[in-house]
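Asker: Take a look at this one; I'll ask things after.
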Amino acid sequence: MPYRRNEIALRSATVGPVTPPLEDLLSHAFPADFDSVFEGSSTQRSTIGCIIPAYNEEESIAQVIEGLLTQTRVPDVIHVVVNNTSDQTVALASQYAGPHEITTELGEQFTEVFVHDIGKNPDKKVGALNYGYSLVEGYDYLLGVDGDTIAEARAVEYLETEIINDSRIGGISAIYSIDNKPFKGLASFLISGQRSQFAAFNLQNLLRGRNMAVLGGQFSIFSTHALREVMEQNHQTTPWVKDSEVEDSLLSLQIKSAGYLTKISPFARADVGGMTTLSGLDAQQVKWTYGAIELMWPGQRGDTKGQPLHPNLRIRWFENFGMLTNLFVRIAFLLLLAGSLSLSAFVFSPWWLLPIGMAVLLNLRMALTMESRTRKDILFAVLIVPAEIYMWIRLSHFARAWTRFLSKKKVDNWAMQAKAEKGGGFGHWTPAIVTLAVLVAVAVIWMMLGPVVQSSILWVGWPIVGVVTVLQTLMMFTKLFRRQHGYKV
């Protein structure tokens, strides 16, 4: 594809906060096995080819490229693969095209930036990734970077150092978060919720032996040797397949199945682009959940094996079971509360405050675990209401994804996400409308029942909800006092 080359003078300022060298990080109170992560680090020079799949990224693409050019370990080549774009992404990225000689504390480095506009691409991001892979498959490692992800200055150095020194690693991911400083109003609330969600996901993976269930495409390094093995074992011509809703989850599963480790770095960090609208967040989360269900469920789309007990999928089953439990407890509590009030039979017990208090403490501990926490993160955790509203939003995504899956209706979730991010679509209101309709129907049915039947329902329902809530509270208690080994997310 045609591209334009321009030499530019690099900006002197680095992108993002300055990160400390390895020896300073290793002095922190991490587990003992951390000392061996970089012990006896190899001085062997590897080669890294970077791919940036970009779709309408005019607001962020310049910062992303600058963030890579100001790394302490600069990728040997950077390919910006622009697909289906309708904005100025190509023009802005092309300002950085060409060779760059860069001096960092690791010495003189050379890289070259190429910009490829592949035009209309029916395979969307997957097509851009596979196009990029064809350009860097001869390199030792492939660095995948989303077009809205800005990494801290040592992120590539940290990822490369660890993957070079452990041949068992097929891919390793940075810790992801979202910069919440520029946002206000609804966008700020949604970003705070996503930051908390990312933090919980990252910490969960760190505490599971740093096994990363999903090597997110936002900022991950892959061994090209491992990718070739995956392609051979699964009879694929490309690493990423176009008929998966979650191409990164499927590839991570395949890398693990090929006998490699999928890890998360305790040091490398990157800020990703967050969703600032309800419709955009809904489309993204429904696509992620729907894709995960397809991986868990046997025989979907004809080519996924459906391995519910696979190590990278067990955590997904736990997540889905947890969301189902949260949905049941909240809906059942509201219905039983309304029924009790209608009979003047509700008696308040202070014990019901215990799970709320436990949830606040757990949210607060999670906020304090964030490396770049702000006042917004603390308030989101302790004010109860914001976290609870965000949980209801997540529950709507969960219900929408499972409903769409069980209906067996085939939809293009990629296209729906793109439409939602542009402000189109009202599907995210569907759960609220359906819930309201169900509540009205339940209220009508409740009034048609006799007092004896109503009392019997309350007599059976409250103990069930009570038992489930107690079990949930015990789980929160366990997480609250679980050792975190000095990890920061």
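Chain labels A, B, ... are given in the sequence in which chains occur in the structure tokens; within each chain residues are numbered consecutively from 1, and ligands are likewise numbered from 1 in the order shown.
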Which residues come within 8 Å of A:Asn121, counting only C-alpha atoms, excluding same-chain residues fewer than 5 positions away, as JSON, numbers by chain?
Answerer: {"A": [83, 84, 127, 128]}
Asker: Where does DSSP see alpha helix (DSSP H) in stretch 199-339 of chain A, if you list the residues as a VMD selection string?
Answerer: chain A and resid 199 to 207 224 to 233 247 to 257 278 to 296 311 to 339
Asker: With distances taken over only C-alpha atoms, which of A:Leu159, A:Val77, A:Leu313, A:Met358 is nearest to A:Val470?
Answerer: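 Among the listed residues, A:Met358 lies closest to A:Val470.
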Asker: Find the distance between atom CA of A:Ala258 and atom CA of A:Glu232 and write it in Å to one decimal.
Answerer: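 Pair atom CA of A:Ala258 / atom CA of A:Glu232 returns 9.9 Å.
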Asker: Quick one: of A:Gly322, A:Gly170, A:Asn234, A:Ala213, who's nearest to A:Ile255, counting only C-alpha atoms?
Answerer: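 The closest residue to A:Ile255 is A:Gly170.
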Asker: From a backbone DSSP assignment, name each residue in stretch 12-198 of chain A labelled strand (DSSP E or B), as a PyMOL selection string.
Answerer: chain A and resi 48-54+77-82+98-104+107-117+141-145+150-151+169-177
Asker: Which is closest to A:Thr89 among A:Val74, A:Val230, A:Ile52, A:Ile102, if we use only C-alpha atoms?
Answerer: A:Ile52
Asker: For A:Thr403, work out the shell of residues within 12 Å, counting only C-alpha atoms and skipping chain neighbours fewer than 5 positions away, then give it as a ChimeraX atom specification.
Answerer: /A:286,289-290,293,396-398,408-410,430-431,434
Asker: I need the residues from that last selection saved to file as a CSV table (one decimal), in the first residue's frame (with C-alpha atoms), if you can.
Answerer:
chain,number,residue,atom,x,y,z
A,286,VAL,CA,-21.8,-6.9,25.2
A,289,THR,CA,-19.3,-10.9,27.1
A,290,TYR,CA,-20.9,-12.5,24.0
A,293,ILE,CA,-19.7,-17.1,26.0
A,396,SER,CA,-27.6,-5.0,31.8
A,397,HIS,CA,-24.6,-5.8,29.6
A,398,PHE,CA,-24.5,-9.3,31.1
A,408,LYS,CA,-29.2,-17.7,18.4
A,409,LYS,CA,-29.6,-14.5,16.4
A,410,LYS,CA,-26.5,-13.7,14.5
A,430,THR,CA,-33.5,-2.3,26.3
A,431,PRO,CA,-32.7,-3.9,29.7
A,434,VAL,CA,-37.7,-4.9,29.8
Asker: With the cut-off set at 10 Å and counting only C-alpha atoms, tabulate each residue of stretch 59-153 of chain A with an atom at most that distance from an atom of stretch 174-183 of chain A, showing the nearest atom pair and its distance in Å to one decimal, ordered by chain and increasing number, as JSON lines.
Answerer:
{"residue": "A:Thr149", "atom": "CA", "partner": "A:Tyr176", "partner_atom": "CA", "distance": 9.1}
{"residue": "A:Ile150", "atom": "CA", "partner": "A:Ile178", "partner_atom": "CA", "distance": 9.7}
{"residue": "A:Ala151", "atom": "CA", "partner": "A:Ala174", "partner_atom": "CA", "distance": 8.7}
{"residue": "A:Glu152", "atom": "CA", "partner": "A:Ala174", "partner_atom": "CA", "distance": 9.9}
Asker: Any idea what's packed within 12 Å of A:Thr469, counting only C-alpha atoms, ignoring anything in its chain fewer than 4 positions away? Could you give it as an MDAnalysis selection string?
Answerer: chainID A and resid 322 325:330 332:333 351:356 358:359 462:465 473:476
Asker: Identify which of the residues A:Ala367, A:Ile457, A:Ile164, A:Val438 lies closest to A:Ala387, counting only C-alpha atoms when measuring atom-to-atom distances.
Answerer: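 Under the stated criterion, the closest residue is A:Ala367.
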Asker: Nearest to A:Pro239: which of A:Leu335, A:Asn130, A:Ser252, A:Ile172 is it, counting only C-alpha atoms?
Answerer: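 Looking only at the distances to A:Pro239, the closest residue turns out to be A:Asn130.
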Asker: My list of candidates is A:Val489, A:Met296, A:Leu135, A:Ala226. Which is closest to A:Trp317 when distances are computed with only C-alpha atoms?
Answerer: A:Met296
Asker: Tell me which protein, DNA and RNA residues are within 12 Å of A:Glu108, counting only C-alpha atoms, leaving out same-chain ones fewer than 5 positions away, and put them as number ranges by chain.
Answerer: A: 72-74, 76, 100-103
Asker: Skip A:Glu371 itself and residues of its chain fewer than 5 positions away, then list as a VMD selection string all residues within 12 Å of it, counting only C-alpha atoms.
Answerer: chain A and resid 17 19 175 to 179 195 to 196 199 202 to 203 266 to 271 366 377 486 to 489
Asker: Do you know which residues are at most 6 Å from A:Tyr141 counting only C-alpha atoms, after dropping those on the same chain fewer than 5 positions away, and could you put them as an NGL selection string?
Answerer: :A and (48 or 222-224)
Asker: Would you mind reading off the distance between atom CA of A:Gly132 and atom CA of A:Pro53, one decimal, in Å?
Answerer: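 It comes out at 7.9 Å.
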